[in-house]
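Q: Sharing model.cif, mmCIF, C-alpha atoms:
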data_entry
loop_
_atom_site.label_atom_id
_atom_site.label_comp_id
_atom_site.auth_asym_id
_atom_site.auth_seq_id
_atom_site.Cartn_x
_atom_site.Cartn_y
_atom_site.Cartn_z
CA MET A 1 -9.06 -2.64 20.35
CA GLU A 2 -12.31 -0.80 20.91
CA ALA A 3 -11.99 1.78 18.09
CA LEU A 4 -11.52 -0.95 15.48
CA LYS A 5 -14.39 -3.02 16.90
CA GLN A 6 -16.71 -0.02 16.72
CA LYS A 7 -15.60 0.75 13.16
CA ILE A 8 -16.38 -2.83 12.12
CA LEU A 9 -19.83 -2.61 13.72
CA ASP A 10 -20.53 0.76 12.08
CA GLU A 11 -19.16 0.15 8.60
CA GLY A 12 -18.31 -3.54 8.11
CA ARG A 13 -20.51 -5.51 5.75
CA VAL A 14 -20.89 -9.27 5.91
CA LEU A 15 -21.13 -11.01 2.55
CA PRO A 16 -21.87 -14.67 1.78
CA GLY A 17 -18.96 -17.03 2.36
CA ASN A 18 -17.85 -15.50 5.67
CA VAL A 19 -16.50 -12.41 3.91
CA LEU A 20 -16.25 -9.28 6.03
CA LYS A 21 -15.88 -6.19 3.87
CA VAL A 22 -14.06 -3.33 5.53
CA ASP A 23 -13.22 -1.40 2.40
CA SER A 24 -14.56 1.90 3.73
CA PHE A 25 -11.72 2.26 6.25
CA LEU A 26 -9.08 -0.38 5.51
CA ASN A 27 -9.17 -2.16 2.15
CA GLN A 28 -9.76 0.69 -0.27
CA GLN A 29 -10.61 3.86 1.61
CA ILE A 30 -8.28 4.29 4.56
CA ASP A 31 -9.13 5.92 7.86
CA VAL A 32 -5.71 7.42 8.47
CA LYS A 33 -6.27 8.31 12.13
CA LEU A 34 -7.37 4.73 12.84
CA MET A 35 -4.24 3.43 11.07
CA GLU A 36 -2.12 5.68 13.27
CA ALA A 37 -3.79 4.32 16.40
CA ILE A 38 -3.24 0.78 15.11
CA GLY A 39 0.43 1.56 14.48
CA LYS A 40 0.82 2.78 18.06
CA GLU A 41 -0.97 -0.27 19.49
CA PHE A 42 1.23 -2.82 17.71
CA ALA A 43 4.38 -0.83 18.48
CA LEU A 44 3.39 -1.05 22.14
CA ARG A 45 2.72 -4.79 22.03
CA PHE A 46 6.08 -5.50 20.35
CA ALA A 47 8.03 -2.74 22.11
CA ASP A 48 10.44 -5.13 23.86
CA ASP A 49 11.12 -7.35 20.87
CA SER A 50 13.93 -5.40 19.13
CA ILE A 51 12.15 -5.46 15.77
CA ASP A 52 14.46 -4.69 12.83
CA LYS A 53 11.87 -4.62 10.08
CA VAL A 54 8.13 -4.84 9.43
CA LEU A 55 7.05 -7.22 6.65
CA SER A 56 3.66 -7.15 4.99
CA ILE A 57 1.99 -8.08 1.72
CA GLU A 58 0.34 -5.93 -0.92
CA SER A 59 -2.05 -4.19 -1.01
CA SER A 60 -4.20 -4.05 2.10
CA GLY A 61 -1.34 -4.75 4.49
CA ILE A 62 0.73 -1.77 3.39
CA ALA A 63 -1.08 1.03 5.24
CA PRO A 64 -1.18 -0.55 8.71
CA ALA A 65 2.34 -1.98 8.31
CA LEU A 66 3.68 1.44 7.37
CA MET A 67 2.20 2.98 10.50
CA VAL A 68 3.65 0.21 12.71
CA ALA A 69 7.08 0.68 11.09
CA LYS A 70 6.81 4.43 11.63
CA GLU A 71 6.13 3.96 15.34
CA LEU A 72 8.94 1.43 15.72
CA GLY A 73 11.35 3.56 13.68
CA VAL A 74 12.27 0.72 11.30
CA PRO A 75 11.93 0.13 7.54
CA MET A 76 8.93 -1.67 6.06
CA VAL A 77 8.97 -4.26 3.29
CA PHE A 78 5.95 -5.52 1.40
CA ALA A 79 5.82 -8.76 -0.51
CA ARG A 80 4.49 -8.53 -4.05
CA LYS A 81 1.85 -10.91 -5.28
CA ARG A 82 2.97 -11.61 -8.82
CA LYS A 83 6.11 -11.34 -10.86
CA SER A 84 6.53 -7.94 -12.44
CA LEU A 85 8.89 -7.19 -15.29
CA THR A 86 10.65 -4.56 -13.23
CA ILE A 87 11.57 -6.93 -10.40
CA SER A 88 14.84 -8.79 -10.71
CA GLU A 89 15.19 -12.54 -10.43
CA ASN A 90 17.01 -12.60 -7.10
CA VAL A 91 13.87 -13.10 -5.07
CA TYR A 92 12.45 -15.34 -2.39
CA SER A 93 9.28 -16.74 -3.88
CA VAL A 94 6.49 -18.96 -2.54
CA ASP A 95 3.23 -20.19 -3.96
CA LEU A 96 0.12 -18.96 -2.19
CA PHE A 97 -3.43 -20.26 -2.51
CA SER A 98 -6.23 -17.82 -1.76
CA TYR A 99 -9.56 -19.25 -0.63
CA THR A 100 -11.21 -15.91 -1.45
CA THR A 101 -10.23 -15.87 -5.11
CA GLN A 102 -9.55 -19.63 -5.51
CA LYS A 103 -6.32 -18.78 -7.29
CA HIS A 104 -2.64 -19.52 -6.90
CA THR A 105 -0.33 -16.54 -6.67
CA GLN A 106 3.41 -16.15 -6.43
CA VAL A 107 4.48 -14.11 -3.41
CA ILE A 108 7.90 -12.57 -3.80
CA VAL A 109 10.39 -10.52 -1.82
CA ASP A 110 13.69 -9.32 -3.22
CA GLN A 111 16.55 -11.07 -1.45
CA ARG A 112 18.24 -7.74 -0.70
CA PHE A 113 15.44 -6.73 1.65
CA LEU A 114 15.59 -9.60 4.16
CA THR A 115 18.88 -10.39 5.84
CA ALA A 116 19.96 -13.36 7.96
CA GLY A 117 19.43 -12.65 11.64
CA GLU A 118 17.03 -9.73 11.18
CA ARG A 119 14.12 -9.71 13.61
CA ILE A 120 10.92 -9.47 11.56
CA LEU A 121 7.42 -8.46 12.60
CA ILE A 122 4.71 -9.47 10.10
CA ILE A 123 1.69 -7.14 9.88
CA ASP A 124 -1.41 -7.99 7.87
CA ASP A 125 -5.04 -6.93 7.72
CA PHE A 126 -6.78 -10.29 8.19
CA LEU A 127 -5.96 -13.68 9.69
CA ALA A 128 -8.32 -16.37 8.42
CA ASN A 129 -6.77 -19.61 7.16
CA GLY A 130 -3.30 -18.20 7.66
CA GLN A 131 -2.14 -18.81 4.09
CA ALA A 132 -0.61 -15.38 3.60
CA ALA A 133 1.13 -15.51 6.99
CA GLU A 134 2.45 -18.99 6.24
CA GLY A 135 3.83 -17.76 2.91
CA LEU A 136 5.60 -14.85 4.57
CA LEU A 137 7.01 -17.18 7.25
CA LYS A 138 8.48 -19.41 4.55
CA ILE A 139 10.13 -16.39 2.96
CA ILE A 140 11.53 -15.25 6.32
CA SER A 141 12.85 -18.75 6.92
CA ARG A 142 14.59 -18.88 3.53
CA ALA A 143 16.25 -15.56 4.33
CA GLN A 144 17.36 -17.03 7.68
CA ALA A 145 15.71 -14.08 9.37
CA ILE A 146 13.77 -14.40 12.64
CA PRO A 147 9.95 -14.26 12.71
CA VAL A 148 9.34 -12.44 15.99
CA GLY A 149 5.59 -12.27 15.64
CA LEU A 150 2.50 -11.63 13.59
CA GLY A 151 0.18 -8.70 14.16
CA VAL A 152 -3.22 -8.75 12.46
CA LEU A 153 -6.01 -6.23 12.64
CA ILE A 154 -8.88 -8.69 12.32
CA GLU A 155 -8.74 -12.40 13.19
CA LYS A 156 -11.49 -14.76 12.12
CA SER A 157 -11.08 -17.05 15.09
CA PHE A 158 -13.52 -19.59 13.61
CA GLN A 159 -10.95 -20.34 10.93
CA SER A 160 -7.71 -22.23 11.36
CA GLY A 161 -5.06 -19.54 10.98
CA ARG A 162 -4.15 -19.21 14.66
CA GLN A 163 -3.69 -22.98 15.09
CA LEU A 164 -1.32 -23.00 12.14
CA LEU A 165 0.71 -20.16 13.66
CA GLU A 166 0.76 -21.72 17.12
CA LYS A 167 2.07 -24.91 15.54
CA ALA A 168 4.79 -22.81 13.91
CA ASN A 169 5.47 -21.26 17.33
CA VAL A 170 4.87 -17.70 16.13
CA ARG A 171 3.42 -15.21 18.60
CA THR A 172 0.18 -13.86 17.14
CA GLU A 173 -1.46 -10.62 18.24
CA SER A 174 -4.91 -9.68 16.92
CA LEU A 175 -6.56 -6.31 17.58
CA VAL A 176 -10.01 -7.80 17.10
CA ARG A 177 -11.14 -11.44 17.09
CA ILE A 178 -14.37 -12.45 15.36
CA SER A 179 -15.91 -15.77 16.33
CA SER A 180 -18.82 -15.76 13.88
CA LEU A 181 -20.23 -13.99 10.84
CA VAL A 182 -23.33 -16.19 10.63
CA ASP A 183 -26.51 -14.56 9.28
CA GLY A 184 -24.69 -11.33 8.56
CA HIS A 185 -23.93 -10.63 12.23
CA VAL A 186 -20.45 -9.89 13.51
CA ILE A 187 -19.84 -11.68 16.81
CA PHE A 188 -16.62 -10.82 18.61
CA SER A 189 -14.76 -13.39 20.72
CA ASP A 190 -14.98 -12.70 24.44
CA ASP A 191 -11.22 -12.98 24.75
CA GLY A 192 -10.54 -10.44 22.00
CA LYS A 193 -8.29 -7.68 23.25
CA MET B 194 13.52 17.65 -2.96
CA GLU B 195 17.15 17.09 -2.06
CA ALA B 196 16.68 14.02 0.19
CA LEU B 197 14.83 12.13 -2.54
CA LYS B 198 17.40 13.14 -5.18
CA GLN B 199 20.22 11.87 -2.99
CA LYS B 200 18.39 8.61 -2.32
CA ILE B 201 17.94 8.06 -6.06
CA LEU B 202 21.64 8.71 -6.65
CA ASP B 203 22.65 6.38 -3.82
CA GLU B 204 20.24 3.50 -4.38
CA GLY B 205 18.41 3.89 -7.70
CA ARG B 206 19.31 1.45 -10.45
CA VAL B 207 18.79 2.17 -14.12
CA LEU B 208 17.64 -0.78 -16.22
CA PRO B 209 17.21 -1.05 -19.98
CA GLY B 210 14.08 0.62 -21.34
CA ASN B 211 14.38 3.77 -19.22
CA VAL B 212 13.37 1.88 -16.08
CA LEU B 213 14.51 3.42 -12.81
CA LYS B 214 14.31 0.90 -9.98
CA VAL B 215 13.80 2.42 -6.57
CA ASP B 216 12.61 -0.70 -4.82
CA SER B 217 15.02 -0.32 -1.90
CA PHE B 218 13.19 2.72 -0.51
CA LEU B 219 9.87 3.12 -2.36
CA ASN B 220 8.58 0.19 -4.42
CA GLN B 221 9.15 -2.77 -2.11
CA GLN B 222 11.24 -1.73 0.86
CA ILE B 223 10.02 1.57 2.22
CA ASP B 224 12.13 4.23 3.88
CA VAL B 225 9.51 5.37 6.34
CA LYS B 226 11.27 8.57 7.40
CA LEU B 227 11.62 9.61 3.77
CA MET B 228 7.90 8.91 3.22
CA GLU B 229 7.09 11.13 6.20
CA ALA B 230 9.21 13.95 4.75
CA ILE B 231 7.46 13.48 1.40
CA GLY B 232 4.08 13.64 3.12
CA LYS B 233 5.02 16.94 4.77
CA GLU B 234 6.36 18.40 1.50
CA PHE B 235 3.19 17.69 -0.50
CA ALA B 236 0.97 18.84 2.37
CA LEU B 237 2.86 22.15 2.27
CA ARG B 238 2.54 22.54 -1.50
CA PHE B 239 -1.21 21.88 -1.40
CA ALA B 240 -1.87 23.53 1.96
CA ASP B 241 -4.19 26.22 0.54
CA ASP B 242 -6.22 23.91 -1.68
CA SER B 243 -8.82 22.61 0.77
CA ILE B 244 -8.13 18.97 -0.12
CA ASP B 245 -10.93 16.60 0.95
CA LYS B 246 -9.30 13.33 0.00
CA VAL B 247 -6.06 11.84 -1.34
CA LEU B 248 -6.42 9.35 -4.20
CA SER B 249 -3.72 6.92 -5.27
CA ILE B 250 -3.33 3.54 -6.95
CA GLU B 251 -2.01 0.24 -5.64
CA SER B 252 0.59 -0.73 -4.68
CA SER B 253 3.50 1.69 -4.81
CA GLY B 254 1.36 4.79 -4.44
CA ILE B 255 -0.15 3.71 -1.12
CA ALA B 256 2.73 4.55 1.23
CA PRO B 257 3.43 8.11 0.05
CA ALA B 258 -0.30 8.83 -0.36
CA LEU B 259 -0.98 7.67 3.19
CA MET B 260 1.66 10.04 4.56
CA VAL B 261 0.27 12.97 2.56
CA ALA B 262 -3.26 12.19 3.80
CA LYS B 263 -1.95 11.97 7.36
CA GLU B 264 -0.37 15.43 7.11
CA LEU B 265 -3.49 16.93 5.52
CA GLY B 266 -5.79 15.20 8.01
CA VAL B 267 -8.00 13.65 5.33
CA PRO B 268 -8.91 10.07 4.27
CA MET B 269 -6.98 8.25 1.57
CA VAL B 270 -8.43 6.08 -1.18
CA PHE B 271 -6.47 3.76 -3.43
CA ALA B 272 -7.69 2.47 -6.77
CA ARG B 273 -7.40 -1.26 -7.30
CA LYS B 274 -5.89 -2.66 -10.42
CA ARG B 275 -8.10 -5.65 -11.14
CA LYS B 276 -11.52 -6.85 -10.17
CA SER B 277 -11.52 -8.89 -6.99
CA LEU B 278 -14.34 -11.15 -5.87
CA THR B 279 -14.72 -9.15 -2.68
CA ILE B 280 -15.38 -5.85 -4.44
CA SER B 281 -18.97 -5.04 -5.31
CA GLU B 282 -20.12 -4.04 -8.77
CA ASN B 283 -20.86 -0.40 -7.95
CA VAL B 284 -17.51 0.87 -9.10
CA TYR B 285 -15.98 3.48 -11.35
CA SER B 286 -13.80 1.54 -13.74
CA VAL B 287 -11.37 2.53 -16.49
CA ASP B 288 -9.06 0.59 -18.73
CA LEU B 289 -5.35 1.31 -18.25
CA PHE B 290 -2.49 0.36 -20.52
CA SER B 291 0.92 -0.05 -18.89
CA TYR B 292 3.97 0.47 -21.09
CA THR B 293 6.09 -1.30 -18.47
CA THR B 294 4.17 -4.56 -18.55
CA GLN B 295 2.50 -4.11 -21.99
CA LYS B 296 -0.79 -5.17 -20.45
CA HIS B 297 -4.28 -3.77 -20.07
CA THR B 298 -5.64 -3.51 -16.55
CA GLN B 299 -8.94 -2.43 -15.10
CA VAL B 300 -8.56 0.34 -12.54
CA ILE B 301 -11.49 0.54 -10.16
CA VAL B 302 -12.74 2.67 -7.29
CA ASP B 303 -15.89 1.91 -5.35
CA GLN B 304 -18.47 4.62 -6.03
CA ARG B 305 -19.01 5.15 -2.29
CA PHE B 306 -15.50 6.55 -1.88
CA LEU B 307 -15.63 9.47 -4.30
CA THR B 308 -18.41 12.03 -3.95
CA ALA B 309 -19.53 14.84 -6.25
CA GLY B 310 -17.82 18.10 -5.35
CA GLU B 311 -15.01 16.56 -3.29
CA ARG B 312 -11.61 18.16 -3.85
CA ILE B 313 -9.17 15.38 -4.73
CA LEU B 314 -5.37 15.33 -4.66
CA ILE B 315 -3.82 12.46 -6.64
CA ILE B 316 -0.51 11.11 -5.30
CA ASP B 317 1.59 8.57 -7.19
CA ASP B 318 5.18 7.37 -7.22
CA PHE B 319 6.11 7.98 -10.88
CA LEU B 320 4.94 10.20 -13.70
CA ALA B 321 6.09 8.89 -17.07
CA ASN B 322 3.52 8.65 -19.86
CA GLY B 323 0.78 9.71 -17.48
CA GLN B 324 -1.45 6.71 -18.11
CA ALA B 325 -2.18 6.02 -14.44
CA ALA B 326 -2.86 9.69 -13.72
CA GLU B 327 -5.14 9.91 -16.76
CA GLY B 328 -7.08 6.86 -15.54
CA LEU B 329 -7.53 8.37 -12.09
CA LEU B 330 -8.64 11.68 -13.63
CA LYS B 331 -11.31 9.85 -15.63
CA ILE B 332 -12.56 8.21 -12.44
CA ILE B 333 -12.62 11.56 -10.61
CA SER B 334 -14.54 13.06 -13.51
CA ARG B 335 -17.14 10.28 -13.48
CA ALA B 336 -17.64 10.87 -9.77
CA GLN B 337 -18.09 14.60 -10.52
CA ALA B 338 -15.35 15.26 -8.00
CA ILE B 339 -12.71 17.98 -8.51
CA PRO B 340 -9.12 17.07 -9.44
CA VAL B 341 -7.18 19.74 -7.55
CA GLY B 342 -3.75 18.45 -8.49
CA LEU B 343 -1.31 15.62 -8.96
CA GLY B 344 1.73 15.10 -6.78
CA VAL B 345 4.39 12.64 -7.95
CA LEU B 346 7.64 11.70 -6.32
CA ILE B 347 9.61 11.13 -9.51
CA GLU B 348 8.82 12.62 -12.89
CA LYS B 349 10.49 11.35 -16.04
CA SER B 350 10.40 14.70 -17.81
CA PHE B 351 11.63 13.14 -21.06
CA GLN B 352 8.28 11.35 -21.35
CA SER B 353 4.94 12.89 -22.19
CA GLY B 354 3.03 12.70 -18.90
CA ARG B 355 3.31 16.37 -17.96
CA GLN B 356 2.10 17.58 -21.37
CA LEU B 357 -0.94 15.34 -21.03
CA LEU B 358 -1.71 16.77 -17.59
CA GLU B 359 -1.16 20.37 -18.70
CA LYS B 360 -3.59 19.75 -21.52
CA ALA B 361 -6.07 18.49 -18.94
CA ASN B 362 -5.36 21.64 -16.91
CA VAL B 363 -4.27 19.71 -13.80
CA ARG B 364 -1.61 21.27 -11.59
CA THR B 365 1.30 18.85 -11.36
CA GLU B 366 3.94 18.91 -8.63
CA SER B 367 7.00 16.65 -8.85
CA LEU B 368 9.51 16.27 -6.04
CA VAL B 369 12.23 15.24 -8.47
CA ARG B 370 12.40 15.59 -12.27
CA ILE B 371 14.64 13.34 -14.31
CA SER B 372 15.53 14.46 -17.83
CA SER B 373 17.54 11.42 -18.89
CA LEU B 374 18.43 7.87 -17.92
CA VAL B 375 20.72 7.30 -20.93
CA ASP B 376 23.69 4.96 -20.42
CA GLY B 377 22.57 4.14 -16.88
CA HIS B 378 23.07 7.70 -15.62
CA VAL B 379 20.38 9.63 -13.78
CA ILE B 380 20.32 13.26 -14.97
CA PHE B 381 18.03 15.60 -13.06
CA SER B 382 16.28 18.51 -14.77
CA ASP B 383 17.68 21.89 -13.79
CA ASP B 384 14.23 23.16 -12.94
CA GLY B 385 13.43 20.27 -10.63
CA LYS B 386 12.27 21.48 -7.26
#
For this file, write the structure as structure tokens.
A:
Amino acid sequence: MEALKQKILDEGRVLPGNVLKVDSFLNQQIDVKLMEAIGKEFALRFADDSIDKVLSIESSGIAPALMVAKELGVPMVFARKRKSLTISENVYSVDLFSYTTQKHTQVIVDQRFLTAGERILIIDDFLANGQAAEGLLKIISRAQAIPVGLGVLIEKSFQSGRQLLEKANVRTESLVRISSLVDGHVIFSDDGK
Amino acid sequence: MEALKQKILDEGRVLPGNVLKVDSFLNQQIDVKLMEAIGKEFALRFADDSIDKVLSIESSGIAPALMVAKELGVPMVFARKRKSLTISENVYSVDLFSYTTQKHTQVIVDQRFLTAGERILIIDDFLANGQAAEGLLKIISRAQAIPVGLGVLIEKSFQSGRQLLEKANVRTESLVRISSLVDGHVIFSDDGK
């Protein structure tokens, strides 16, 4: 997706540890027009897949997932990252390890919001090691819902997330694939769409 | 706003401690069509206010704020609730106390995303004691930006948030005002719009 590529080149900042900061248009400030275009693009790619619901994870996944759900005309659900007092106990819960923060987190979705047989599209901002996606897949599996696919805005193709998802037989669509962030330079994969 | 009132009556659940759970359409599962209607309603109410940016706070504020920003054609920024390793140090930061969780949290916005003189509309899901709104107002003030108003979906008018905002001279628009949650019943204020 050319608009997202250009935005990364213009505003993305590479930090040590293969971190790509895109907080000026995605992770804290949100370029709403870009999110709308992203929503349309994913809706197009999954147009024939009879999606019932879009699932994402707080916080950075919410904006793009909402726009995809809007285009598909379905509800959106976001997983929460820790147990809050105001969430009931009837939840699907998995443990997630983040390489960025080196911390374990509980990821939870209320059982009322995923139903057996529902066709679920996962939307997230990044695919790196695939930990978040794997956590959401476990939750979908426990709900006996169907993981139709994963749509991510930015894939770090030099990390192992895609292999993990291919092993799990989940169709993965990335808007932009990055093959290297070495020396502060963003290199896109040739086969990025 | 009649559609939001009806949704609260149909799906809202009152828990002990004056907690109104609306996680089936706002706080975890999101009714996207309702969010679009909410976006249009706030855009109408603040149409003549030359809003430059919508400011909200993760996670539940993101979806409605995004829809308001979309209607107004401006960027959206959401404050983060704790310091993450991938956020730089150049932030506006305030301490926030949540009565729901009884915990202190740091609320932070990167300094690049609020500029002196910008006209800011705050959007949030609930107004109760006004702590979150007060925190965001402090951040706006530090950035020397202009707090044009606060739009909330659900105001608990039996709590002190509105008084606090009137004292701060900030125009506050609520889509629904609730005057009581006693005995598990939702009572709307007569003057709710």
Q: Rounded to one decimal in Å, what is the spacing between CA of Lys233 (chain B) and CA of Ala262 (chain B)?
A: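 Pair CA of Lys233 (chain B) / CA of Ala262 (chain B) returns 9.6 Å.
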Q: Could the residues of chain A within 8 Å of chain B, counting all atoms listed in the file, be given as an MDAnalysis selection string, please?
A: chainID A and resid 19 21 24 28:33 58:59 62:63 66 69:70 73:80 84:86 100:101 109 113
Q: Applying 6 Å and all atoms listed in the file, which residues near Phe188 (chain A) remain after dropping the ones on its own chain fewer than 3 positions away? List them as a list in words.
A: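 My list of contacting residues is Arg177, Ile178 and Ser179 of chain A.
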Q: So which residues touch region 366-369 of chain B within 12 Å, counting all atoms listed in the file, skipping near sequence neighbours fewer than 5 positions away, as an NGL selection string?
A: :B and (194-202 or 228 or 230-239 or 257 or 314-321 or 341-350 or 354-355 or 358-359 or 379-386)
Q: Could you state which residues are captured by the PyMOL selection byres ((chain A and resi 18) around 9) in this file, as a list in words?
A: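 This file gives the following for the PyMOL selection byres ((chain A and resi 18) around 9): Val14, Leu15, Pro16, Gly17, Val19, Leu20, Ser180, Leu181, Val182 and Gly184 of chain A.
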Q: Point out the residue among A:Ser160, A:Gln106, A:Gln144, A:Ser98 with the least atom-to-atom distance to Glu118 (chain A), counting all atoms listed in the file.
A: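 Between A:Ser160, A:Gln106, A:Gln144, A:Ser98, the residue approaching Glu118 (chain A) most closely is A:Gln144.
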Q: Expressed in Å to a single decimal, how great is the separation between CA of Ile139 (chain A) and CA of Val94 (chain A)?
A: 7.1 Å
Q: State, in Å with one decimal place, the distance from CA of Ala132 (chain A) to CA of Ser56 (chain A).
A: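 Pair CA of Ala132 (chain A) / CA of Ser56 (chain A) returns 9.4 Å.
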Q: Using all atoms listed in the file, which residue out of B:Ile244, B:Leu330, B:Val261, B:Ala336 lies closest to Tyr285 (chain B)?
A: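 For Tyr285 (chain B), the nearest of the given residues is B:Ala336.
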Q: Could you put an axis-aligned box around every listed atom of region 332-347 of chain B, padded by 5 Å on each side, and send me its centre and edge lengths in Å to one decimal, as lines of an AutoDock Vina configuration file?
A:
center_x = -4.2
center_y = 14.0
center_z = -9.9
size_x = 37.7
size_y = 21.5
size_z = 17.2
Q: Have a look at A:Thr105, A:Gln131, A:Gln163, A:Asn169 and name the one nearest to Ile146 (chain A); count all atoms listed in the file.
A: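 Using all atoms listed in the file, the shortest distance to Ile146 (chain A) belongs to A:Asn169.
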